[in-house]
Amino acid sequence: MPTCEGIREEYIQCILRSECVFIQRHSVQDCIKSKDLVALVPDECHNLRQSMFECKRGLLDMRKRMRGVTAAGGISPKSYETPDDSSNWNPSSSSSGDS
């Protein structure tokens, strides 16, 4: 069963490295919940929190259960492919079978 552990761990580490927790020594809960301290948390952490929310929501959504939970960043691991070496591709050297 797919889980959101990877995103959760990244989010936790991001919050722990933030200025709010690491430098000013506030609790994690205070940094997340307080309107005054939320400005000290980087945008990356807010994006990870949103990704974690969408991942957990996707686990409960029956429409997404058939397709699976997308990876962090919204790219499905199956749909993301990199070409081996497209910089050396030469259309004139490819065999077309017309010879």
# chains A, B, ... in the order shown; residues from 1 in each chain; ligands from 1
>>> select_by_dssp(residues="region 17-72 of chain A", states="helix (DSSP H, G or I)", output="VMD selection string")
chain A and resid 17 19 to 23 28 to 33 38 to 40 43 to 60 62 to 67
>>> closest_residue(among="A:Gln50, A:Thr3, A:Ser18, A:Gln13", to="Leu37 (chain A)", atoms="only C-alpha atoms")
A:Ser18
>>> atom_distance(atom1="CA of Asp36 (chain A)", atom2="CA of Glu19 (chain A)")
13.2 Å
>>> closest_residue(among="A:Cys55, A:Val28, A:Cys45, A:Met62", to="Glu10 (chain A)", atoms="only C-alpha atoms")
A:Cys45
>>> closest_residue(among="A:Ile23, A:Leu60, A:Cys4, A:Ile15", to="Val38 (chain A)", atoms="only C-alpha atoms")
A:Ile15
>>> atom_distance(atom1="CA of Ile12 (chain A)", atom2="CA of Cys31 (chain A)")
12.0 Å
>>> closest_residue(among="A:Glu5, A:Asn47, A:Leu40, A:Tyr11", to="Arg25 (chain A)", atoms="only C-alpha atoms")
A:Leu40
>>> atom_distance(atom1="CA of His26 (chain A)", atom2="CA of Arg8 (chain A)")
20.1 Å
>>> decode(residues="region 3-14 of chain A", atoms="N, CA, C and O atoms", output="compact mmCIF listing (two decimals), in the first residue's frame")
# COMPACT_ATOMS: atom_id res chain seq x y z
N THR A 3 2.30 4.88 0.70
CA THR A 3 2.23 5.77 1.85
C THR A 3 2.84 7.11 1.49
O THR A 3 3.43 7.26 0.43
N CYS A 4 2.73 8.04 2.39
CA CYS A 4 3.27 9.38 2.18
C CYS A 4 4.48 9.62 3.09
O CYS A 4 4.76 10.77 3.44
N GLU A 5 5.15 8.56 3.49
CA GLU A 5 6.26 8.67 4.44
C GLU A 5 7.40 9.55 3.93
O GLU A 5 7.98 10.31 4.68
N GLY A 6 7.73 9.44 2.65
CA GLY A 6 8.84 10.23 2.10
C GLY A 6 8.58 11.72 2.22
O GLY A 6 9.46 12.48 2.65
N ILE A 7 7.39 12.13 1.85
CA ILE A 7 7.03 13.54 1.93
C ILE A 7 6.97 13.98 3.38
O ILE A 7 7.42 15.07 3.74
N ARG A 8 6.45 13.12 4.24
CA ARG A 8 6.34 13.44 5.67
C ARG A 8 7.72 13.66 6.29
O ARG A 8 7.93 14.61 7.03
N GLU A 9 8.66 12.78 5.96
CA GLU A 9 10.02 12.91 6.50
C GLU A 9 10.69 14.19 6.00
O GLU A 9 11.36 14.88 6.78
N GLU A 10 10.50 14.52 4.72
CA GLU A 10 11.06 15.77 4.18
C GLU A 10 10.46 16.98 4.88
O GLU A 10 11.16 17.94 5.19
N TYR A 11 9.15 16.92 5.14
CA TYR A 11 8.47 18.04 5.81
C TYR A 11 9.00 18.21 7.23
O TYR A 11 9.29 19.34 7.66
N ILE A 12 9.16 17.12 7.95
CA ILE A 12 9.67 17.19 9.32
C ILE A 12 11.08 17.78 9.33
O ILE A 12 11.38 18.68 10.14
N GLN A 13 11.94 17.31 8.45
CA GLN A 13 13.31 17.82 8.40
C GLN A 13 13.34 19.30 8.01
O GLN A 13 14.14 20.07 8.53
N CYS A 14 12.45 19.70 7.12
CA CYS A 14 12.38 21.10 6.70
C CYS A 14 11.98 21.99 7.88
O CYS A 14 12.58 23.04 8.10
